[in-house]
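Peer 1: Coordinates in data.pdb, PDB, C-alpha atoms and all ligand atoms, are listed below.
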```
MODEL        1
ATOM      1  CA  MET A  38     -46.796  -5.799 -30.489
ATOM      2  CA  SER A  39     -48.360  -8.732 -32.266
ATOM      3  CA  VAL A  40     -47.315 -12.369 -32.258
ATOM      4  CA  ASN A  41     -47.083 -14.119 -35.624
ATOM      5  CA  GLY A  42     -46.197 -17.541 -36.983
ATOM      6  CA  THR A  43     -42.559 -16.648 -37.556
ATOM      7  CA  LEU A  44     -42.102 -15.707 -33.890
ATOM      8  CA  ILE A  45     -43.825 -18.918 -32.782
ATOM      9  CA  GLN A  46     -41.425 -20.926 -34.947
ATOM     10  CA  LEU A  47     -38.312 -19.019 -33.853
ATOM     11  CA  PHE A  48     -39.284 -19.269 -30.176
ATOM     12  CA  HIS A  49     -39.447 -23.062 -30.437
ATOM     13  CA  ILE A  50     -36.013 -23.169 -32.084
ATOM     14  CA  CYS A  51     -34.365 -20.736 -29.658
ATOM     15  CA  PRO A  52     -35.902 -17.949 -27.497
ATOM     16  CA  ARG A  53     -32.707 -15.919 -27.967
ATOM     17  CA  GLU A  54     -33.070 -16.116 -31.753
ATOM     18  CA  MET A  55     -36.680 -14.954 -31.419
ATOM     19  CA  TRP A  56     -35.598 -12.080 -29.155
ATOM     20  CA  LEU A  57     -32.875 -10.944 -31.594
ATOM     21  CA  HIS A  58     -35.313 -11.103 -34.512
ATOM     22  CA  THR A  59     -38.083  -9.225 -32.697
ATOM     23  CA  HIS A  60     -35.629  -6.507 -31.605
ATOM     24  CA  GLY A  61     -34.748  -5.791 -35.231
ATOM     25  CA  ILE A  62     -31.358  -7.526 -35.260
ATOM     26  CA  ASN A  63     -31.521  -9.421 -38.537
ATOM     27  CA  MET A  64     -28.638 -11.314 -40.108
ATOM     28  CA  GLU A  65     -30.619 -13.571 -42.417
ATOM     29  CA  HIS A  66     -28.568 -12.533 -45.450
ATOM     30  CA  THR A  67     -25.641 -14.427 -43.927
ATOM     31  CA  SER A  68     -27.604 -17.646 -43.573
ATOM     32  CA  GLU A  69     -27.418 -20.184 -46.393
ATOM     33  CA  THR A  70     -30.264 -22.069 -44.765
ATOM     34  CA  VAL A  71     -32.582 -19.069 -44.954
ATOM     35  CA  TYR A  72     -31.490 -18.321 -48.548
ATOM     36  CA  ASP A  73     -32.138 -21.922 -49.615
ATOM     37  CA  GLY A  74     -35.454 -21.840 -47.768
ATOM     38  CA  LYS A  75     -36.497 -18.679 -49.610
ATOM     39  CA  LEU A  76     -35.578 -20.238 -52.956
ATOM     40  CA  LEU A  77     -37.580 -23.345 -52.085
ATOM     41  CA  HIS A  78     -40.518 -21.169 -51.032
ATOM     42  CA  GLU A  79     -40.417 -19.092 -54.219
ATOM     43  CA  THR A  80     -40.161 -22.185 -56.424
ATOM     44  CA  SER A  81     -43.018 -23.869 -54.595
ATOM     45  CA  TYR A  82     -45.070 -20.656 -54.673
ATOM     46  CA  SER A  83     -44.751 -20.317 -58.446
ATOM     47  CA  GLN A  84     -46.023 -23.890 -58.819
ATOM     48  CA  ARG A  85     -48.908 -23.473 -56.397
ATOM     49  CA  PRO A  86     -52.004 -25.306 -57.669
ATOM     50  CA  GLU A  87     -55.098 -23.145 -58.113
ATOM     51  CA  LYS A  88     -56.969 -25.014 -55.393
ATOM     52  CA  TYR A  89     -54.671 -23.440 -52.786
ATOM     53  CA  THR A  90     -55.214 -19.863 -51.709
ATOM     54  CA  GLU A  91     -53.128 -17.423 -49.710
ATOM     55  CA  ILE A  92     -54.866 -16.130 -46.605
ATOM     56  CA  THR A  93     -53.966 -13.540 -44.001
ATOM     57  CA  LEU A  94     -55.464 -13.983 -40.549
ATOM     58  CA  SER A  95     -55.688 -11.986 -37.373
ATOM     59  CA  ALA A  96     -57.246 -12.465 -33.958
ATOM     60  CA  CYS A  97     -56.894 -11.199 -30.427
ATOM     61  CA  PHE A  98     -56.388 -13.456 -27.433
ATOM     62  CA  ASN A  99     -55.991 -12.148 -23.860
ATOM     63  CA  ASN A 100     -55.431  -8.704 -25.390
ATOM     64  CA  ILE A 101     -52.490 -10.019 -27.424
ATOM     65  CA  PRO A 102     -52.882  -9.390 -31.182
ATOM     66  CA  LEU A 103     -52.134 -12.475 -33.287
ATOM     67  CA  THR A 104     -51.424 -12.499 -37.022
ATOM     68  CA  GLY A 105     -50.566 -15.133 -39.589
ATOM     69  CA  LYS A 106     -50.106 -15.517 -43.319
ATOM     70  CA  ILE A 107     -50.748 -18.929 -44.813
ATOM     71  CA  ASP A 108     -49.393 -19.310 -48.349
ATOM     72  CA  PHE A 109     -51.075 -22.575 -49.278
ATOM     73  CA  TYR A 110     -54.537 -23.196 -47.856
ATOM     74  CA  ASP A 111     -56.936 -25.722 -49.308
ATOM     75  CA  ALA A 112     -60.270 -24.277 -48.133
ATOM     76  CA  LYS A 113     -62.309 -27.189 -49.502
ATOM     77  CA  GLN A 114     -60.316 -29.881 -47.663
ATOM     78  CA  LYS A 115     -59.478 -27.554 -44.742
ATOM     79  CA  ILE A 116     -55.775 -28.345 -45.009
ATOM     80  CA  ILE A 117     -52.820 -25.979 -44.590
ATOM     81  CA  HIS A 118     -49.794 -26.961 -46.685
ATOM     82  CA  GLU A 119     -46.413 -25.768 -45.405
ATOM     83  CA  THR A 120     -43.284 -26.472 -47.436
ATOM     84  CA  LYS A 121     -40.013 -26.775 -45.512
ATOM     85  CA  ARG A 122     -36.436 -27.317 -46.601
ATOM     86  CA  SER A 123     -35.337 -29.694 -43.868
ATOM     87  CA  ASP A 124     -36.778 -31.415 -40.823
ATOM     88  CA  LYS A 125     -33.998 -30.186 -38.497
ATOM     89  CA  ALA A 126     -36.466 -27.883 -36.764
ATOM     90  CA  GLU A 127     -39.522 -30.077 -37.225
ATOM     91  CA  VAL A 128     -40.889 -29.433 -33.727
ATOM     92  CA  ALA A 129     -40.779 -25.680 -34.391
ATOM     93  CA  HIS A 130     -42.458 -26.187 -37.783
ATOM     94  CA  GLU A 131     -45.204 -28.175 -36.062
ATOM     95  CA  TRP A 132     -45.866 -25.401 -33.533
ATOM     96  CA  GLN A 133     -46.033 -22.809 -36.311
ATOM     97  CA  ALA A 134     -48.594 -24.981 -38.126
ATOM     98  CA  LYS A 135     -50.558 -25.505 -34.891
ATOM     99  CA  PHE A 136     -50.564 -21.737 -34.371
ATOM    100  CA  TYR A 137     -52.122 -21.279 -37.833
ATOM    101  CA  ILE A 138     -54.748 -23.964 -37.116
ATOM    102  CA  TRP A 139     -55.539 -22.156 -33.864
ATOM    103  CA  LEU A 140     -55.799 -18.808 -35.675
ATOM    104  CA  LEU A 141     -58.328 -20.361 -38.056
ATOM    105  CA  LEU A 142     -60.247 -21.745 -35.076
ATOM    106  CA  LEU A 143     -60.282 -18.279 -33.472
ATOM    107  CA  ASN A 144     -61.804 -17.090 -36.774
ATOM    108  CA  ASP A 145     -64.586 -19.696 -36.480
ATOM    109  CA  ILE A 146     -63.026 -22.166 -38.915
ATOM    110  CA  PRO A 147     -62.725 -25.454 -36.974
ATOM    111  CA  ASP A 148     -61.421 -28.924 -37.901
ATOM    112  CA  VAL A 149     -58.424 -27.761 -39.925
ATOM    113  CA  GLN A 150     -55.235 -29.804 -40.142
ATOM    114  CA  ALA A 151     -51.834 -29.065 -41.620
ATOM    115  CA  ILE A 152     -49.397 -31.036 -43.730
ATOM    116  CA  LEU A 153     -45.700 -30.200 -43.435
ATOM    117  CA  GLU A 154     -44.026 -31.089 -46.708
ATOM    118  CA  TYR A 155     -40.296 -31.700 -47.100
ATOM    119  CA  PRO A 156     -39.777 -31.969 -50.888
ATOM    120  CA  LYS A 157     -36.023 -32.549 -50.607
ATOM    121  CA  LEU A 158     -36.582 -35.438 -48.199
ATOM    122  CA  ARG A 159     -39.706 -36.673 -50.012
ATOM    123  CA  THR A 160     -41.596 -36.888 -46.721
ATOM    124  CA  SER A 161     -44.492 -35.140 -45.060
ATOM    125  CA  THR A 162     -46.027 -34.911 -41.577
ATOM    126  CA  THR A 163     -49.665 -34.347 -40.643
ATOM    127  CA  VAL A 164     -50.309 -31.877 -37.812
ATOM    128  CA  GLN A 165     -53.471 -31.541 -35.725
ATOM    129  CA  LEU A 166     -54.387 -29.266 -32.834
ATOM    130  CA  THR A 167     -55.334 -30.619 -29.397
ATOM    131  CA  SER A 168     -56.643 -28.838 -26.305
ATOM    132  CA  TYR A 169     -53.206 -29.358 -24.744
ATOM    133  CA  ASP A 170     -51.667 -27.587 -27.753
ATOM    134  CA  ILE A 171     -53.999 -24.607 -27.307
ATOM    135  CA  GLN A 172     -52.922 -24.348 -23.656
ATOM    136  CA  HIS A 173     -49.274 -24.503 -24.725
ATOM    137  CA  LEU A 174     -49.826 -21.808 -27.382
ATOM    138  CA  THR A 175     -51.555 -19.477 -24.903
ATOM    139  CA  ASN A 176     -48.578 -19.855 -22.538
ATOM    140  CA  THR A 177     -46.171 -19.356 -25.440
ATOM    141  CA  ILE A 178     -47.720 -16.123 -26.724
ATOM    142  CA  THR A 179     -47.642 -14.698 -23.188
ATOM    143  CA  THR A 180     -43.939 -15.581 -22.888
ATOM    144  CA  ILE A 181     -43.212 -14.143 -26.342
ATOM    145  CA  GLN A 182     -44.958 -10.909 -25.410
ATOM    146  CA  HIS A 183     -42.816 -10.640 -22.254
ATOM    147  CA  LEU A 184     -39.669 -11.234 -24.315
ATOM    148  CA  GLN A 185     -40.741  -8.582 -26.845
ATOM    149  CA  GLN A 186     -40.987  -6.072 -24.014
ATOM    150  CA  SER A 187     -37.783  -7.156 -22.282
ATOM    151  CA  ASP A 188     -34.376  -5.523 -22.773
ATOM    152  CA  LYS A 189     -32.633  -8.686 -21.599
ATOM    153  CA  CYS A 190     -31.512 -11.052 -24.338
ATOM    154  CA  PRO A 191     -32.128 -14.717 -23.350
ATOM    155  CA  ASP A 192     -29.138 -17.017 -22.827
ATOM    156  CA  LYS A 193     -27.556 -18.994 -25.648
ATOM    157  CA  ILE A 194     -28.938 -22.499 -26.017
ATOM    158  CA  LYS A 195     -25.577 -24.074 -26.997
ATOM    159  CA  SER A 196     -27.206 -26.579 -29.315
ATOM    160  CA  LYS A 197     -25.929 -28.254 -32.465
ATOM    161  CA  ILE A 198     -28.539 -26.211 -34.359
ATOM    162  CA  CYS A 199     -26.487 -23.067 -33.538
ATOM    163  CA  LYS A 200     -24.024 -23.883 -36.336
ATOM    164  CA  SER A 201     -26.711 -23.346 -38.975
ATOM    165  CA  CYS A 202     -28.196 -20.261 -37.273
ATOM    166  CA  SER A 203     -27.696 -16.847 -38.880
ATOM    167  CA  TYR A 204     -26.772 -15.439 -35.427
ATOM    168  CA  TYR A 205     -23.957 -17.933 -34.849
ATOM    169  CA  GLU A 206     -21.138 -15.395 -35.205
ATOM    170  CA  LEU A 207     -22.995 -12.840 -33.101
ATOM    171  CA  CYS A 208     -23.484 -15.399 -30.315
ATOM    172  CA  TYR A 209     -20.105 -17.168 -30.362
ATOM    173  CA  ILE A 210     -17.506 -14.993 -32.112
ATOM    174  CA  GLU A 211     -15.971 -13.743 -28.873
ATOM    175  CA  GLU A 212     -15.828 -17.105 -27.124
TER
HETATM  176  S1  LIG B   1     -26.610 -19.230 -32.482
HETATM  177 FE1  LIG B   1     -27.697 -20.643 -31.086
HETATM  178  S2  LIG B   1     -27.965 -19.458 -29.208
HETATM  179 FE2  LIG B   1     -27.491 -17.988 -30.818
HETATM  180  S3  LIG B   1     -29.483 -17.303 -31.539
HETATM  181 FE3  LIG B   1     -28.832 -18.984 -32.868
HETATM  182  S4  LIG B   1     -29.748 -20.823 -31.997
HETATM  183 FE4  LIG B   1     -29.847 -19.226 -30.427
ENDMDL
END
```
Let me see whether you can do it: turn the structure in this file into structure tokens.
Peer 2:
Amino acid sequence: MSVNGTLIQLFHICPREMWLHTHGINMEHTSETVYDGKLLHETSYSQRPEKYTEITLSACFNNIPLTGKIDFYDAKQKIIHETKRSDKAEVAHEWQAKFYIWLLLLNDIPDVQAILEYPKLRTSTTVQLTSYDIQHLTNTITTIQHLQQSDKCPDKIKSKICKSCSYYELCYIEE
């Protein structure tokens, strides 16, 4: 099984959410957040300036296949642009962007940075990749691969973010 940017992001929000997603249990249609996010993505996509291109990447690290799809890449400036609805999961967004920068590096494209854009908040954050980050990502993809192969669903995180998660009812309905 491969590891992609979505799994990296989900893992940093909640390993249980990542496990549910990777085991084919999807409830995204019940999530307003995901629906709003898709609308934002589609609106942004239709307005994408010509200087940005969509690229699909793959690499292999420690025998783990890695894949990623970047919707807005400025090849001239070497900048990835990621549009997000809210900054509630900003740390997870940053790790997804760092994963894409790393994927580009593994494809011999160094010195890339990413800009996370939050149009609704009118803010943005610049993301760069450090050697510490690469170490963290190598540990993360190993953990994700173990979770993909495991039948045991990780524990609930009992965080305030659970209330906006599409799996909320699945996790808490019987409590
Ligand atoms: S509701 Fe909370 S514990 Fe359950 S998958 Fe979502 S974030 Fe994780």
Peer 1: For the structure provided, state which residues fall under the PyMOL selection byres (((not hetatm)) within 12 of (chain B and resi 1)), and present them as a VMD selection string.
Peer 2: chain A and resid 47 to 59 62 to 65 68 126 190 to 210
Peer 1: To one decimal in Å, tell me the separation between atom CA of A:Phe109 and atom CA of A:Val40.
Peer 2: 20.2 Å
Peer 1: Find the spatial neighbours of A:Glu131, counting all atoms listed in the file, within a cut-off of 10 Å - ignore same-chain residues fewer than 4 positions away - and output them as a VMD selection string.
Peer 2: chain A and resid 45 to 46 49 119 126 to 127 135 to 137 151 to 153 162 to 166
Peer 1: Quick one: of A:Gly105, A:Ala96, A:Ser39, A:Thr90, who's nearest to A:Asp145, counting only C-alpha atoms?
Peer 2: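 Using only C-alpha atoms, the shortest distance to A:Asp145 belongs to A:Ala96.
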Peer 1: How would you write, as a PDB file with C-alpha atoms, keeping the file's coordinate frame, the residues chosen by the PyMOL selection byres (((chain A and resi 107) around 12) and not hetatm) on this structure?
Peer 2:
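Generated output (result-v2.pdb):
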```
ATOM      1  CA  ASN A  41     -47.083 -14.119 -35.624  1.00  0.00           C
ATOM      2  CA  GLY A  42     -46.197 -17.541 -36.983  1.00  0.00           C
ATOM      3  CA  THR A  43     -42.559 -16.648 -37.556  1.00  0.00           C
ATOM      4  CA  TYR A  82     -45.070 -20.656 -54.673  1.00  0.00           C
ATOM      5  CA  TYR A  89     -54.671 -23.440 -52.786  1.00  0.00           C
ATOM      6  CA  THR A  90     -55.214 -19.863 -51.709  1.00  0.00           C
ATOM      7  CA  GLU A  91     -53.128 -17.423 -49.710  1.00  0.00           C
ATOM      8  CA  ILE A  92     -54.866 -16.130 -46.605  1.00  0.00           C
ATOM      9  CA  THR A  93     -53.966 -13.540 -44.001  1.00  0.00           C
ATOM     10  CA  LEU A  94     -55.464 -13.983 -40.549  1.00  0.00           C
ATOM     11  CA  SER A  95     -55.688 -11.986 -37.373  1.00  0.00           C
ATOM     12  CA  THR A 104     -51.424 -12.499 -37.022  1.00  0.00           C
ATOM     13  CA  GLY A 105     -50.566 -15.133 -39.589  1.00  0.00           C
ATOM     14  CA  LYS A 106     -50.106 -15.517 -43.319  1.00  0.00           C
ATOM     15  CA  ASP A 108     -49.393 -19.310 -48.349  1.00  0.00           C
ATOM     16  CA  PHE A 109     -51.075 -22.575 -49.278  1.00  0.00           C
ATOM     17  CA  TYR A 110     -54.537 -23.196 -47.856  1.00  0.00           C
ATOM     18  CA  ASP A 111     -56.936 -25.722 -49.308  1.00  0.00           C
ATOM     19  CA  ALA A 112     -60.270 -24.277 -48.133  1.00  0.00           C
ATOM     20  CA  ILE A 116     -55.775 -28.345 -45.009  1.00  0.00           C
ATOM     21  CA  ILE A 117     -52.820 -25.979 -44.590  1.00  0.00           C
ATOM     22  CA  HIS A 118     -49.794 -26.961 -46.685  1.00  0.00           C
ATOM     23  CA  GLU A 119     -46.413 -25.768 -45.405  1.00  0.00           C
ATOM     24  CA  THR A 120     -43.284 -26.472 -47.436  1.00  0.00           C
ATOM     25  CA  GLN A 133     -46.033 -22.809 -36.311  1.00  0.00           C
ATOM     26  CA  ALA A 134     -48.594 -24.981 -38.126  1.00  0.00           C
ATOM     27  CA  LYS A 135     -50.558 -25.505 -34.891  1.00  0.00           C
ATOM     28  CA  PHE A 136     -50.564 -21.737 -34.371  1.00  0.00           C
ATOM     29  CA  TYR A 137     -52.122 -21.279 -37.833  1.00  0.00           C
ATOM     30  CA  ILE A 138     -54.748 -23.964 -37.116  1.00  0.00           C
ATOM     31  CA  LEU A 140     -55.799 -18.808 -35.675  1.00  0.00           C
ATOM     32  CA  LEU A 141     -58.328 -20.361 -38.056  1.00  0.00           C
ATOM     33  CA  ALA A 151     -51.834 -29.065 -41.620  1.00  0.00           C
TER      34      ALA A 151
END
```
Peer 1: Name the closest residue to A:Asp170 among the candidates A:Gln182, A:Asp148, A:Trp139, A:Cys97; distances are taken between atoms, counting only C-alpha atoms.
Peer 2: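 So, comparing all the options, the nearest one is A:Trp139.
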Peer 1: Calculate how many Å separate atom CA of A:Gln172 from atom CA of A:Leu143, rounding to one decimal.
Peer 2: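 Computing it gives 13.7 Å between the two atoms.
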